[in-house]
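File shown: work-v1.cif. Contents: mmCIF, N, CA, C and O atoms.
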```cif
data_work
#
loop_
_atom_site.label_atom_id
_atom_site.label_comp_id
_atom_site.auth_asym_id
_atom_site.auth_seq_id
_atom_site.Cartn_x
_atom_site.Cartn_y
_atom_site.Cartn_z
N MET A 1 -89.32 -236.91 116.28
CA MET A 1 -88.62 -235.86 117.00
C MET A 1 -87.54 -236.46 117.88
O MET A 1 -87.76 -237.48 118.52
N ALA A 2 -86.41 -235.82 117.92
CA ALA A 2 -85.31 -236.30 118.75
C ALA A 2 -85.53 -235.88 120.20
O ALA A 2 -85.99 -234.76 120.46
N ALA A 3 -85.24 -236.77 121.09
CA ALA A 3 -85.39 -236.46 122.52
C ALA A 3 -84.22 -235.60 122.98
O ALA A 3 -83.09 -235.81 122.54
N GLU A 4 -84.51 -234.64 123.83
CA GLU A 4 -83.45 -233.80 124.40
C GLU A 4 -82.72 -234.59 125.47
O GLU A 4 -83.34 -235.27 126.28
N SER A 5 -81.41 -234.52 125.46
CA SER A 5 -80.63 -235.19 126.49
C SER A 5 -79.77 -234.16 127.20
O SER A 5 -79.13 -233.34 126.57
N SER A 6 -79.78 -234.21 128.54
CA SER A 6 -78.98 -233.23 129.28
C SER A 6 -77.49 -233.50 129.11
O SER A 6 -76.66 -232.67 129.42
N ASN A 7 -77.15 -234.69 128.61
CA ASN A 7 -75.73 -235.01 128.40
C ASN A 7 -75.28 -234.67 126.98
O ASN A 7 -74.15 -234.91 126.62
N SER A 8 -76.18 -234.12 126.19
CA SER A 8 -75.85 -233.81 124.80
C SER A 8 -74.76 -232.75 124.73
O SER A 8 -74.87 -231.69 125.32
N SER A 9 -73.69 -233.07 124.00
CA SER A 9 -72.57 -232.13 123.92
C SER A 9 -72.95 -230.87 123.16
O SER A 9 -72.29 -229.86 123.28
N SER A 10 -74.05 -230.89 122.41
CA SER A 10 -74.45 -229.69 121.67
C SER A 10 -74.95 -228.59 122.61
O SER A 10 -75.07 -227.45 122.21
N ASN A 11 -75.23 -228.96 123.87
CA ASN A 11 -75.68 -227.95 124.83
C ASN A 11 -74.51 -227.25 125.50
O ASN A 11 -74.70 -226.32 126.27
N LEU A 12 -73.29 -227.71 125.25
CA LEU A 12 -72.13 -227.16 125.94
C LEU A 12 -71.60 -225.94 125.21
O LEU A 12 -70.58 -225.98 124.55
N LYS A 13 -72.32 -224.85 125.34
CA LYS A 13 -71.94 -223.61 124.66
C LYS A 13 -71.28 -222.65 125.65
O LYS A 13 -71.78 -222.46 126.76
N ILE A 14 -70.20 -222.04 125.22
CA ILE A 14 -69.54 -221.01 126.02
C ILE A 14 -70.22 -219.69 125.69
O ILE A 14 -70.43 -219.37 124.51
N ILE A 15 -70.60 -218.95 126.73
CA ILE A 15 -71.25 -217.66 126.53
C ILE A 15 -70.26 -216.55 126.87
O ILE A 15 -69.68 -216.55 127.96
N VAL A 16 -70.04 -215.65 125.93
CA VAL A 16 -69.11 -214.54 126.14
C VAL A 16 -69.87 -213.23 126.09
O VAL A 16 -70.59 -212.96 125.13
N GLN A 17 -69.72 -212.43 127.14
CA GLN A 17 -70.31 -211.09 127.17
C GLN A 17 -69.17 -210.09 127.15
O GLN A 17 -68.34 -210.06 128.05
N ASN A 18 -69.11 -209.28 126.07
CA ASN A 18 -68.05 -208.30 125.93
C ASN A 18 -68.32 -207.07 126.78
O ASN A 18 -69.42 -206.53 126.74
N ASN A 19 -67.30 -206.65 127.50
CA ASN A 19 -67.35 -205.41 128.29
C ASN A 19 -68.62 -205.21 129.10
O ASN A 19 -69.38 -204.27 128.84
N PRO A 20 -68.88 -206.08 130.08
CA PRO A 20 -70.05 -205.87 130.95
C PRO A 20 -69.88 -204.57 131.73
O PRO A 20 -68.75 -204.11 131.94
N SER A 21 -70.99 -203.99 132.16
CA SER A 21 -70.93 -202.70 132.87
C SER A 21 -70.34 -202.88 134.27
O SER A 21 -70.40 -203.95 134.85
N GLU A 22 -69.78 -201.78 134.79
CA GLU A 22 -69.23 -201.79 136.15
C GLU A 22 -70.30 -202.19 137.16
O GLU A 22 -70.03 -202.91 138.11
N SER A 23 -71.55 -201.72 136.94
CA SER A 23 -72.62 -202.04 137.89
C SER A 23 -72.93 -203.54 137.87
O SER A 23 -73.18 -204.14 138.91
N GLN A 24 -72.87 -204.16 136.68
CA GLN A 24 -73.11 -205.60 136.60
C GLN A 24 -71.98 -206.36 137.32
O GLN A 24 -72.23 -207.30 138.06
N LEU A 25 -70.75 -205.90 137.11
CA LEU A 25 -69.60 -206.56 137.75
C LEU A 25 -69.69 -206.45 139.27
O LEU A 25 -69.42 -207.42 139.98
N SER A 26 -70.07 -205.28 139.78
CA SER A 26 -70.15 -205.14 141.23
C SER A 26 -71.34 -205.90 141.79
O SER A 26 -71.28 -206.44 142.89
N GLN A 27 -72.42 -206.00 141.01
CA GLN A 27 -73.58 -206.78 141.44
C GLN A 27 -73.21 -208.26 141.57
O GLN A 27 -73.67 -208.94 142.49
N LEU A 28 -72.38 -208.74 140.68
CA LEU A 28 -71.92 -210.13 140.73
C LEU A 28 -70.89 -210.35 141.84
O LEU A 28 -70.62 -211.47 142.23
N GLY A 29 -70.28 -209.26 142.31
CA GLY A 29 -69.27 -209.37 143.36
C GLY A 29 -67.94 -209.92 142.87
O GLY A 29 -67.22 -210.59 143.59
N ILE A 30 -67.62 -209.62 141.62
CA ILE A 30 -66.45 -210.21 140.97
C ILE A 30 -65.15 -209.95 141.72
O ILE A 30 -64.30 -210.83 141.80
N LYS A 31 -65.00 -208.77 142.29
CA LYS A 31 -63.73 -208.45 142.97
C LYS A 31 -63.47 -209.35 144.18
O LYS A 31 -62.33 -209.48 144.62
N SER A 32 -64.52 -209.98 144.71
CA SER A 32 -64.33 -210.88 145.85
C SER A 32 -64.10 -212.34 145.41
O SER A 32 -63.83 -213.19 146.24
N TRP A 33 -64.22 -212.61 144.11
CA TRP A 33 -64.00 -213.96 143.61
C TRP A 33 -62.51 -214.30 143.65
O TRP A 33 -61.67 -213.39 143.56
N PRO A 34 -62.17 -215.59 143.75
CA PRO A 34 -60.75 -215.97 143.69
C PRO A 34 -60.16 -215.58 142.34
O PRO A 34 -60.89 -215.39 141.37
N LYS A 35 -58.83 -215.48 142.31
CA LYS A 35 -58.13 -215.16 141.06
C LYS A 35 -57.33 -216.37 140.59
O LYS A 35 -56.90 -217.18 141.40
N TRP A 36 -57.14 -216.44 139.29
CA TRP A 36 -56.34 -217.51 138.69
C TRP A 36 -55.63 -216.91 137.49
O TRP A 36 -56.18 -216.04 136.81
N GLY A 37 -54.43 -217.35 137.25
CA GLY A 37 -53.69 -216.87 136.09
C GLY A 37 -52.84 -217.97 135.49
O GLY A 37 -52.58 -218.99 136.14
N CYS A 38 -52.44 -217.78 134.26
CA CYS A 38 -51.55 -218.74 133.60
C CYS A 38 -50.77 -218.02 132.50
O CYS A 38 -51.24 -217.04 131.93
N PRO A 39 -49.56 -218.51 132.23
CA PRO A 39 -48.77 -217.94 131.13
C PRO A 39 -49.28 -218.45 129.79
O PRO A 39 -50.08 -219.38 129.75
N PRO A 40 -48.79 -217.86 128.69
CA PRO A 40 -49.18 -218.36 127.37
C PRO A 40 -48.84 -219.84 127.23
O PRO A 40 -47.86 -220.31 127.81
N GLY A 41 -49.67 -220.55 126.50
CA GLY A 41 -49.45 -221.98 126.29
C GLY A 41 -50.77 -222.66 125.98
O GLY A 41 -51.80 -222.00 125.84
N LYS A 42 -50.73 -224.00 125.87
CA LYS A 42 -51.95 -224.78 125.60
C LYS A 42 -52.26 -225.62 126.82
O LYS A 42 -51.37 -226.26 127.38
N TYR A 43 -53.52 -225.60 127.23
CA TYR A 43 -53.95 -226.30 128.44
C TYR A 43 -55.17 -227.16 128.14
O TYR A 43 -56.13 -226.67 127.54
N GLN A 44 -55.12 -228.43 128.54
CA GLN A 44 -56.28 -229.33 128.42
C GLN A 44 -57.11 -229.15 129.70
O GLN A 44 -56.59 -229.37 130.79
N LEU A 45 -58.37 -228.75 129.56
CA LEU A 45 -59.20 -228.49 130.73
C LEU A 45 -60.52 -229.24 130.64
O LEU A 45 -61.07 -229.43 129.55
N LYS A 46 -61.02 -229.67 131.80
CA LYS A 46 -62.34 -230.29 131.89
C LYS A 46 -63.08 -229.58 133.01
O LYS A 46 -62.56 -229.43 134.11
N PHE A 47 -64.27 -229.07 132.70
CA PHE A 47 -65.04 -228.32 133.68
C PHE A 47 -66.09 -229.22 134.32
O PHE A 47 -67.04 -229.63 133.66
N ASP A 48 -65.89 -229.53 135.60
CA ASP A 48 -66.81 -230.41 136.34
C ASP A 48 -67.96 -229.62 136.96
O ASP A 48 -68.86 -230.19 137.54
N ALA A 49 -67.88 -228.30 136.87
CA ALA A 49 -68.96 -227.43 137.34
C ALA A 49 -68.99 -226.24 136.40
O ALA A 49 -67.99 -225.93 135.74
N GLN A 50 -70.15 -225.58 136.30
CA GLN A 50 -70.22 -224.38 135.47
C GLN A 50 -69.32 -223.31 136.10
O GLN A 50 -69.32 -223.12 137.31
N GLU A 51 -68.54 -222.65 135.27
CA GLU A 51 -67.68 -221.57 135.76
C GLU A 51 -68.06 -220.26 135.09
O GLU A 51 -68.27 -220.21 133.88
N THR A 52 -68.14 -219.20 135.89
CA THR A 52 -68.28 -217.85 135.37
C THR A 52 -66.96 -217.16 135.67
O THR A 52 -66.45 -217.26 136.79
N CYS A 53 -66.36 -216.53 134.68
CA CYS A 53 -65.10 -215.85 134.93
C CYS A 53 -65.06 -214.50 134.22
O CYS A 53 -65.75 -214.28 133.23
N TYR A 54 -64.25 -213.61 134.77
CA TYR A 54 -64.06 -212.28 134.21
C TYR A 54 -62.57 -212.10 133.98
O TYR A 54 -61.78 -212.21 134.91
N LEU A 55 -62.18 -211.89 132.73
CA LEU A 55 -60.76 -211.74 132.40
C LEU A 55 -60.30 -210.31 132.64
O LEU A 55 -60.82 -209.38 132.03
N VAL A 56 -59.35 -210.16 133.56
CA VAL A 56 -58.73 -208.87 133.83
C VAL A 56 -57.73 -208.59 132.70
O VAL A 56 -57.61 -207.47 132.22
N ARG A 57 -57.02 -209.64 132.31
CA ARG A 57 -56.12 -209.52 131.15
C ARG A 57 -55.99 -210.88 130.51
O ARG A 57 -56.35 -211.90 131.09
N GLY A 58 -55.48 -210.87 129.29
CA GLY A 58 -55.25 -212.12 128.58
C GLY A 58 -56.02 -212.23 127.29
O GLY A 58 -56.84 -211.37 126.95
N LYS A 59 -55.71 -213.28 126.54
CA LYS A 59 -56.40 -213.59 125.28
C LYS A 59 -56.36 -215.11 125.12
O LYS A 59 -55.31 -215.72 125.25
N VAL A 60 -57.55 -215.68 124.89
CA VAL A 60 -57.70 -217.13 124.85
C VAL A 60 -58.53 -217.55 123.65
O VAL A 60 -59.51 -216.89 123.30
N LYS A 61 -58.12 -218.66 123.02
CA LYS A 61 -58.96 -219.34 122.03
C LYS A 61 -59.29 -220.68 122.66
O LYS A 61 -58.38 -221.38 123.12
N VAL A 62 -60.57 -221.03 122.71
CA VAL A 62 -60.98 -222.30 123.29
C VAL A 62 -61.43 -223.23 122.17
O VAL A 62 -62.28 -222.88 121.36
N TYR A 63 -60.81 -224.42 122.15
CA TYR A 63 -61.15 -225.45 121.17
C TYR A 63 -61.88 -226.56 121.92
O TYR A 63 -61.24 -227.35 122.62
N PRO A 64 -63.22 -226.62 121.83
CA PRO A 64 -63.93 -227.70 122.52
C PRO A 64 -63.50 -229.05 121.95
O PRO A 64 -63.17 -229.15 120.76
N LYS A 65 -63.45 -230.06 122.81
CA LYS A 65 -63.18 -231.42 122.34
C LYS A 65 -64.33 -231.75 121.41
O LYS A 65 -65.47 -231.34 121.66
N ASN A 66 -64.07 -232.52 120.37
CA ASN A 66 -65.11 -232.81 119.37
C ASN A 66 -65.59 -231.53 118.70
O ASN A 66 -66.78 -231.30 118.56
N THR A 67 -64.64 -230.66 118.32
CA THR A 67 -64.99 -229.40 117.66
C THR A 67 -65.85 -229.64 116.43
O THR A 67 -66.73 -228.87 116.11
N GLU A 68 -65.62 -230.79 115.74
CA GLU A 68 -66.42 -231.06 114.54
C GLU A 68 -67.90 -231.23 114.90
O GLU A 68 -68.77 -230.94 114.11
N LEU A 69 -68.19 -231.67 116.14
CA LEU A 69 -69.59 -231.80 116.57
C LEU A 69 -70.13 -230.46 117.05
O LEU A 69 -71.24 -230.08 116.76
N LEU A 70 -69.31 -229.74 117.83
CA LEU A 70 -69.77 -228.48 118.41
C LEU A 70 -69.66 -227.34 117.41
O LEU A 70 -70.36 -226.35 117.53
N GLY A 71 -68.72 -227.49 116.49
CA GLY A 71 -68.68 -226.56 115.37
C GLY A 71 -68.04 -225.21 115.60
O GLY A 71 -67.94 -224.44 114.68
N GLU A 72 -67.61 -224.90 116.82
CA GLU A 72 -67.08 -223.56 116.94
C GLU A 72 -65.91 -223.44 117.91
O GLU A 72 -65.84 -224.12 118.92
N ILE A 73 -65.01 -222.57 117.53
CA ILE A 73 -63.89 -222.18 118.38
C ILE A 73 -64.30 -220.84 118.98
O ILE A 73 -64.82 -219.99 118.26
N VAL A 74 -64.11 -220.68 120.27
CA VAL A 74 -64.55 -219.46 120.95
C VAL A 74 -63.33 -218.66 121.37
O VAL A 74 -62.37 -219.23 121.90
N GLU A 75 -63.35 -217.35 121.11
CA GLU A 75 -62.25 -216.47 121.52
C GLU A 75 -62.77 -215.45 122.52
O GLU A 75 -63.88 -214.94 122.36
N PHE A 76 -61.96 -215.17 123.53
CA PHE A 76 -62.29 -214.09 124.46
C PHE A 76 -61.02 -213.53 125.05
O PHE A 76 -59.94 -214.11 124.89
N GLY A 77 -61.16 -212.37 125.70
CA GLY A 77 -59.97 -211.71 126.24
C GLY A 77 -60.31 -210.74 127.35
O GLY A 77 -61.42 -210.76 127.90
N ALA A 78 -59.35 -209.88 127.65
CA ALA A 78 -59.49 -208.92 128.74
C ALA A 78 -60.79 -208.14 128.63
O ALA A 78 -61.16 -207.68 127.54
N GLY A 79 -61.51 -208.03 129.76
CA GLY A 79 -62.77 -207.28 129.79
C GLY A 79 -63.99 -208.11 129.47
O GLY A 79 -65.10 -207.60 129.51
N ASP A 80 -63.81 -209.41 129.18
CA ASP A 80 -64.94 -210.26 128.84
C ASP A 80 -65.41 -211.06 130.06
O ASP A 80 -64.61 -211.53 130.86
N LEU A 81 -66.74 -211.20 130.17
CA LEU A 81 -67.37 -212.04 131.18
C LEU A 81 -67.78 -213.31 130.46
O LEU A 81 -68.48 -213.26 129.45
N VAL A 82 -67.31 -214.47 130.95
CA VAL A 82 -67.46 -215.72 130.22
C VAL A 82 -68.13 -216.77 131.11
O VAL A 82 -67.77 -216.91 132.28
N VAL A 83 -69.10 -217.49 130.55
CA VAL A 83 -69.72 -218.61 131.27
C VAL A 83 -69.37 -219.89 130.52
O VAL A 83 -69.66 -220.03 129.33
N ILE A 84 -68.70 -220.79 131.25
CA ILE A 84 -68.25 -222.06 130.67
C ILE A 84 -69.13 -223.17 131.25
O ILE A 84 -69.24 -223.29 132.47
N PRO A 85 -69.77 -223.95 130.38
CA PRO A 85 -70.73 -224.94 130.88
C PRO A 85 -70.09 -226.13 131.57
O PRO A 85 -68.98 -226.54 131.24
N LYS A 86 -70.81 -226.69 132.54
CA LYS A 86 -70.41 -227.90 133.23
C LYS A 86 -70.30 -229.03 132.21
O LYS A 86 -71.14 -229.16 131.33
N GLY A 87 -69.23 -229.82 132.33
CA GLY A 87 -69.07 -230.98 131.46
C GLY A 87 -68.25 -230.73 130.21
O GLY A 87 -67.97 -231.65 129.45
N LEU A 88 -67.83 -229.48 129.99
CA LEU A 88 -67.05 -229.17 128.79
C LEU A 88 -65.60 -229.62 128.94
O LEU A 88 -64.95 -229.33 129.93
N SER A 89 -65.11 -230.35 127.95
CA SER A 89 -63.68 -230.67 127.85
C SER A 89 -63.16 -229.86 126.68
O SER A 89 -63.78 -229.82 125.62
N CYS A 90 -62.02 -229.19 126.88
CA CYS A 90 -61.54 -228.31 125.83
C CYS A 90 -60.04 -228.06 125.98
O CYS A 90 -59.42 -228.44 126.97
N THR A 91 -59.48 -227.43 124.96
CA THR A 91 -58.10 -226.96 125.00
C THR A 91 -58.14 -225.44 125.00
O THR A 91 -58.81 -224.84 124.16
N TRP A 92 -57.45 -224.84 125.98
CA TRP A 92 -57.29 -223.39 126.00
C TRP A 92 -55.95 -223.09 125.34
O TRP A 92 -54.92 -223.58 125.77
N ASP A 93 -55.99 -222.29 124.27
CA ASP A 93 -54.78 -221.81 123.62
C ASP A 93 -54.62 -220.36 124.06
O ASP A 93 -55.30 -219.47 123.56
N VAL A 94 -53.74 -220.15 125.04
CA VAL A 94 -53.55 -218.82 125.64
C VAL A 94 -52.43 -218.10 124.90
O VAL A 94 -51.28 -218.53 124.94
N SER A 95 -52.77 -217.01 124.21
CA SER A 95 -51.75 -216.26 123.46
C SER A 95 -51.19 -215.10 124.27
O SER A 95 -50.06 -214.67 124.06
N VAL A 96 -51.99 -214.56 125.21
CA VAL A 96 -51.55 -213.50 126.12
C VAL A 96 -51.87 -213.98 127.53
O VAL A 96 -52.99 -214.45 127.78
N ALA A 97 -50.88 -213.93 128.43
CA ALA A 97 -51.05 -214.44 129.80
C ALA A 97 -52.38 -214.02 130.40
O ALA A 97 -52.78 -212.87 130.28
N VAL A 98 -53.05 -214.98 131.05
CA VAL A 98 -54.39 -214.76 131.60
C VAL A 98 -54.33 -214.42 133.09
O VAL A 98 -53.56 -215.01 133.84
N ASP A 99 -55.16 -213.47 133.47
CA ASP A 99 -55.39 -213.13 134.86
C ASP A 99 -56.91 -212.97 134.96
O ASP A 99 -57.49 -212.14 134.25
N LYS A 100 -57.56 -213.81 135.76
CA LYS A 100 -59.03 -213.77 135.79
C LYS A 100 -59.56 -213.97 137.20
O LYS A 100 -58.91 -214.55 138.06
N HIS A 101 -60.78 -213.46 137.40
CA HIS A 101 -61.56 -213.77 138.59
C HIS A 101 -62.51 -214.88 138.15
O HIS A 101 -63.02 -214.85 137.03
N TYR A 102 -62.77 -215.84 139.03
CA TYR A 102 -63.66 -216.94 138.64
C TYR A 102 -64.53 -217.38 139.80
O TYR A 102 -64.23 -217.14 140.97
N LYS A 103 -65.63 -218.05 139.43
CA LYS A 103 -66.56 -218.58 140.43
C LYS A 103 -67.20 -219.82 139.84
O LYS A 103 -67.64 -219.81 138.69
N PHE A 104 -67.23 -220.90 140.62
CA PHE A 104 -67.94 -222.10 140.18
C PHE A 104 -69.38 -222.02 140.65
O PHE A 104 -69.66 -221.53 141.75
N ASP A 105 -70.29 -222.49 139.81
CA ASP A 105 -71.71 -222.46 140.13
C ASP A 105 -71.99 -223.42 141.29
O ASP A 105 -71.69 -224.59 141.21
N SER A 106 -72.57 -222.87 142.35
CA SER A 106 -72.87 -223.70 143.51
C SER A 106 -74.36 -223.99 143.62
O SER A 106 -74.84 -224.48 144.62
N SER A 107 -75.10 -223.68 142.56
CA SER A 107 -76.54 -223.86 142.62
C SER A 107 -76.98 -225.25 142.18
O SER A 107 -78.13 -225.47 141.88
N SER A 108 -76.04 -226.19 142.11
CA SER A 108 -76.41 -227.56 141.75
C SER A 108 -77.29 -228.13 142.86
O SER A 108 -77.06 -227.85 144.03
N PRO A 109 -78.27 -228.93 142.50
CA PRO A 109 -79.13 -229.48 143.54
C PRO A 109 -78.34 -230.40 144.46
O PRO A 109 -77.44 -231.11 143.99
N PRO A 110 -78.61 -230.39 145.75
CA PRO A 110 -77.86 -231.27 146.65
C PRO A 110 -78.14 -232.72 146.34
O PRO A 110 -79.26 -233.08 145.96
N SER A 111 -77.13 -233.57 146.47
CA SER A 111 -77.35 -234.98 146.20
C SER A 111 -78.01 -235.62 147.42
O SER A 111 -77.69 -235.28 148.55
N SER A 112 -78.92 -236.54 147.16
CA SER A 112 -79.67 -237.13 148.28
C SER A 112 -78.97 -238.34 148.85
O SER A 112 -78.20 -238.98 148.23
#
```
What would you get if you wrote out this structure as structure tokens?
Amino acid sequence: MAAESSNSSSNLKIIVQNNPSESQLSQLGIKSWPKWGCPPGKYQLKFDAQETCYLVRGKVKVYPKNTELLGEIVEFGAGDLVVIPKGLSCTWDVSVAVDKHYKFDSSSPPSS
């Protein structure tokens, strides 16, 4: 049996939830989260913390680094709630300018 490794890139899955309910969005407090936007283009990104974001507008294709290992390109757009795992390196191919609310996960254990 193969041992599970927390550094295994196969665990770096992007989770996309299409059209979450208004009650879920308000429960998360999304409107109070910071906003970020970018014009169409390609962006190399590395996530040093887990990010949860809600796209107000835009359309993105995410190509994880080592796509041949991870096996999938992920697409999301306006109205989607997305969780991007800590440690993911990827290219964002933005076809429609992005406007999003985002939050980095602060539940990491404190370092001793």
Which one of A:Leu25, A:Leu88, A:Val60, A:Val98 sits closest to Gln44 (chain A) if you count all atoms listed in the file?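 Looking at the shortest contact to Gln44 (chain A), the residue is A:Leu88.
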Determine, counting all atoms listed in the file, which protein, DNA and RNA residues have an atom within 8 Å of an atom of Pro20 (chain A); residues of the same chain fewer than 6 positions away are not included. Present the result as a ChimeraX atom specification. /A:79-81
Those same residues, written as a PDB file, in the coordinates of the input with N, CA, C and O atoms?
```pdb
ATOM      1  N   GLY A  79     -61.510-208.030 129.760  1.00  0.00           N
ATOM      2  CA  GLY A  79     -62.770-207.280 129.790  1.00  0.00           C
ATOM      3  C   GLY A  79     -63.990-208.110 129.470  1.00  0.00           C
ATOM      4  O   GLY A  79     -65.100-207.600 129.510  1.00  0.00           O
ATOM      5  N   ASP A  80     -63.810-209.410 129.180  1.00  0.00           N
ATOM      6  CA  ASP A  80     -64.940-210.260 128.840  1.00  0.00           C
ATOM      7  C   ASP A  80     -65.410-211.060 130.060  1.00  0.00           C
ATOM      8  O   ASP A  80     -64.610-211.530 130.860  1.00  0.00           O
ATOM      9  N   LEU A  81     -66.740-211.200 130.170  1.00  0.00           N
ATOM     10  CA  LEU A  81     -67.370-212.040 131.180  1.00  0.00           C
ATOM     11  C   LEU A  81     -67.780-213.310 130.460  1.00  0.00           C
ATOM     12  O   LEU A  81     -68.480-213.260 129.450  1.00  0.00           O
TER      13      LEU A  81
END
```
Given the PyMOL selection byres ((chain A and resi 93) around 8) and the file above, list the residues it selects as a list in words.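 Selected by the PyMOL selection byres ((chain A and resi 93) around 8) here: Pro39, Pro40, Gly41, Lys42, Tyr43, Gln44, Lys59, Val60, Lys61, Val62, Tyr63, Val74, Glu75, Phe76, Cys90, Thr91, Trp92, Val94, Ser95 and Val96 of chain A.
The smallest atom-to-atom distance between Phe104 (chain A) and any of A:Gln50, A:Asn66, A:Ser89, A:Ser32, using all atoms listed in the file, is found for A:Gln50.
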Distance in Å - atom O of Trp33 (chain A) versus atom C of Glu72 (chain A):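 Here the two named atoms are 27.9 Å from each other.
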The PyMOL selection byres (((chain A and resi 87 and name CA) around 7) and name CA) - which residues does that actually catch in the file I just gave you? List them as a list in words. Lys46, Phe47, Asp48, Ala49, Pro85, Lys86, Leu88 and Ser89 of chain A
Expected file contents, prior selection, N, CA, C and O atoms, as a short mmCIF file (atom, residue, chain, number, x, y, z; two decimals), in the coordinates of the input:
```cif
data_model
loop_
_atom_site.label_atom_id
_atom_site.label_comp_id
_atom_site.auth_asym_id
_atom_site.auth_seq_id
_atom_site.Cartn_x
_atom_site.Cartn_y
_atom_site.Cartn_z
N LYS A 46 -61.02 -229.67 131.80
CA LYS A 46 -62.34 -230.29 131.89
C LYS A 46 -63.08 -229.58 133.01
O LYS A 46 -62.56 -229.43 134.11
N PHE A 47 -64.27 -229.07 132.70
CA PHE A 47 -65.04 -228.32 133.68
C PHE A 47 -66.09 -229.22 134.32
O PHE A 47 -67.04 -229.63 133.66
N ASP A 48 -65.89 -229.53 135.60
CA ASP A 48 -66.81 -230.41 136.34
C ASP A 48 -67.96 -229.62 136.96
O ASP A 48 -68.86 -230.19 137.54
N ALA A 49 -67.88 -228.30 136.87
CA ALA A 49 -68.96 -227.43 137.34
C ALA A 49 -68.99 -226.24 136.40
O ALA A 49 -67.99 -225.93 135.74
N PRO A 85 -69.77 -223.95 130.38
CA PRO A 85 -70.73 -224.94 130.88
C PRO A 85 -70.09 -226.13 131.57
O PRO A 85 -68.98 -226.54 131.24
N LYS A 86 -70.81 -226.69 132.54
CA LYS A 86 -70.41 -227.90 133.23
C LYS A 86 -70.30 -229.03 132.21
O LYS A 86 -71.14 -229.16 131.33
N LEU A 88 -67.83 -229.48 129.99
CA LEU A 88 -67.05 -229.17 128.79
C LEU A 88 -65.60 -229.62 128.94
O LEU A 88 -64.95 -229.33 129.93
N SER A 89 -65.11 -230.35 127.95
CA SER A 89 -63.68 -230.67 127.85
C SER A 89 -63.16 -229.86 126.68
O SER A 89 -63.78 -229.82 125.62
#
```
Alpha helix (DSSP H) call set, DSSP backbone run, region 53-105 of chain A, as a ChimeraX atom specification: /A:67-70
May I ask for the distance between atom N of Gln24 (chain A) and atom C of Val56 (chain A), given in Å to one decimal place? 16.3 Å
Which residues, named as in the file, does the PyMOL selection byres (((chain A and resi 100 and name CA) around 8) and name CA) pick out? Answer as a list of chain:residue names.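 Selected by the PyMOL selection byres (((chain A and resi 100 and name CA) around 8) and name CA) here: A:Lys35, A:Trp36, A:Gly37, A:Cys53, A:Tyr54, A:Leu55, A:Val56, A:Arg57, A:Val98, A:Asp99, A:His101, A:Tyr102.
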Writer output for current selection, N, CA, C and O atoms, as an mmCIF file, in the coordinates of the input:
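Output (selection.cif):
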```cif
data_model
loop_
_atom_site.group_PDB
_atom_site.id
_atom_site.type_symbol
_atom_site.label_atom_id
_atom_site.label_comp_id
_atom_site.auth_asym_id
_atom_site.auth_seq_id
_atom_site.Cartn_x
_atom_site.Cartn_y
_atom_site.Cartn_z
ATOM 1 N N LYS A 35 -58.830 -215.480 142.310
ATOM 2 C CA LYS A 35 -58.130 -215.160 141.060
ATOM 3 C C LYS A 35 -57.330 -216.370 140.590
ATOM 4 O O LYS A 35 -56.900 -217.180 141.400
ATOM 5 N N TRP A 36 -57.140 -216.440 139.290
ATOM 6 C CA TRP A 36 -56.340 -217.510 138.690
ATOM 7 C C TRP A 36 -55.630 -216.910 137.490
ATOM 8 O O TRP A 36 -56.180 -216.040 136.810
ATOM 9 N N GLY A 37 -54.430 -217.350 137.250
ATOM 10 C CA GLY A 37 -53.690 -216.870 136.090
ATOM 11 C C GLY A 37 -52.840 -217.970 135.490
ATOM 12 O O GLY A 37 -52.580 -218.990 136.140
ATOM 13 N N CYS A 53 -66.360 -216.530 134.680
ATOM 14 C CA CYS A 53 -65.100 -215.850 134.930
ATOM 15 C C CYS A 53 -65.060 -214.500 134.220
ATOM 16 O O CYS A 53 -65.750 -214.280 133.230
ATOM 17 N N TYR A 54 -64.250 -213.610 134.770
ATOM 18 C CA TYR A 54 -64.060 -212.280 134.210
ATOM 19 C C TYR A 54 -62.570 -212.100 133.980
ATOM 20 O O TYR A 54 -61.780 -212.210 134.910
ATOM 21 N N LEU A 55 -62.180 -211.890 132.730
ATOM 22 C CA LEU A 55 -60.760 -211.740 132.400
ATOM 23 C C LEU A 55 -60.300 -210.310 132.640
ATOM 24 O O LEU A 55 -60.820 -209.380 132.030
ATOM 25 N N VAL A 56 -59.350 -210.160 133.560
ATOM 26 C CA VAL A 56 -58.730 -208.870 133.830
ATOM 27 C C VAL A 56 -57.730 -208.590 132.700
ATOM 28 O O VAL A 56 -57.610 -207.470 132.220
ATOM 29 N N ARG A 57 -57.020 -209.640 132.310
ATOM 30 C CA ARG A 57 -56.120 -209.520 131.150
ATOM 31 C C ARG A 57 -55.990 -210.880 130.510
ATOM 32 O O ARG A 57 -56.350 -211.900 131.090
ATOM 33 N N VAL A 98 -53.050 -214.980 131.050
ATOM 34 C CA VAL A 98 -54.390 -214.760 131.600
ATOM 35 C C VAL A 98 -54.330 -214.420 133.090
ATOM 36 O O VAL A 98 -53.560 -215.010 133.840
ATOM 37 N N ASP A 99 -55.160 -213.470 133.470
ATOM 38 C CA ASP A 99 -55.390 -213.130 134.860
ATOM 39 C C ASP A 99 -56.910 -212.970 134.960
ATOM 40 O O ASP A 99 -57.490 -212.140 134.250
ATOM 41 N N HIS A 101 -60.780 -213.460 137.400
ATOM 42 C CA HIS A 101 -61.560 -213.770 138.590
ATOM 43 C C HIS A 101 -62.510 -214.880 138.150
ATOM 44 O O HIS A 101 -63.020 -214.850 137.030
ATOM 45 N N TYR A 102 -62.770 -215.840 139.030
ATOM 46 C CA TYR A 102 -63.660 -216.940 138.640
ATOM 47 C C TYR A 102 -64.530 -217.380 139.800
ATOM 48 O O TYR A 102 -64.230 -217.140 140.970
#
```
Atom-to-atom span, CA of Lys65 (chain A) and CA of Asn19 (chain A), Å: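 Going from CA of Lys65 (chain A) over to CA of Asn19 (chain A), I get 27.0 Å.
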Kindly provide, as JSON, the centre and edge lengths (Å, one decimal) of an axis-aligned box around all atoms of region 33-36 of chain A given in the file, with 6 Å on each side.
```
{"center_x": -59.9, "center_y": -215.1, "center_z": 140.5, "size_x": 20.6, "size_y": 16.9, "size_z": 19.3}
```
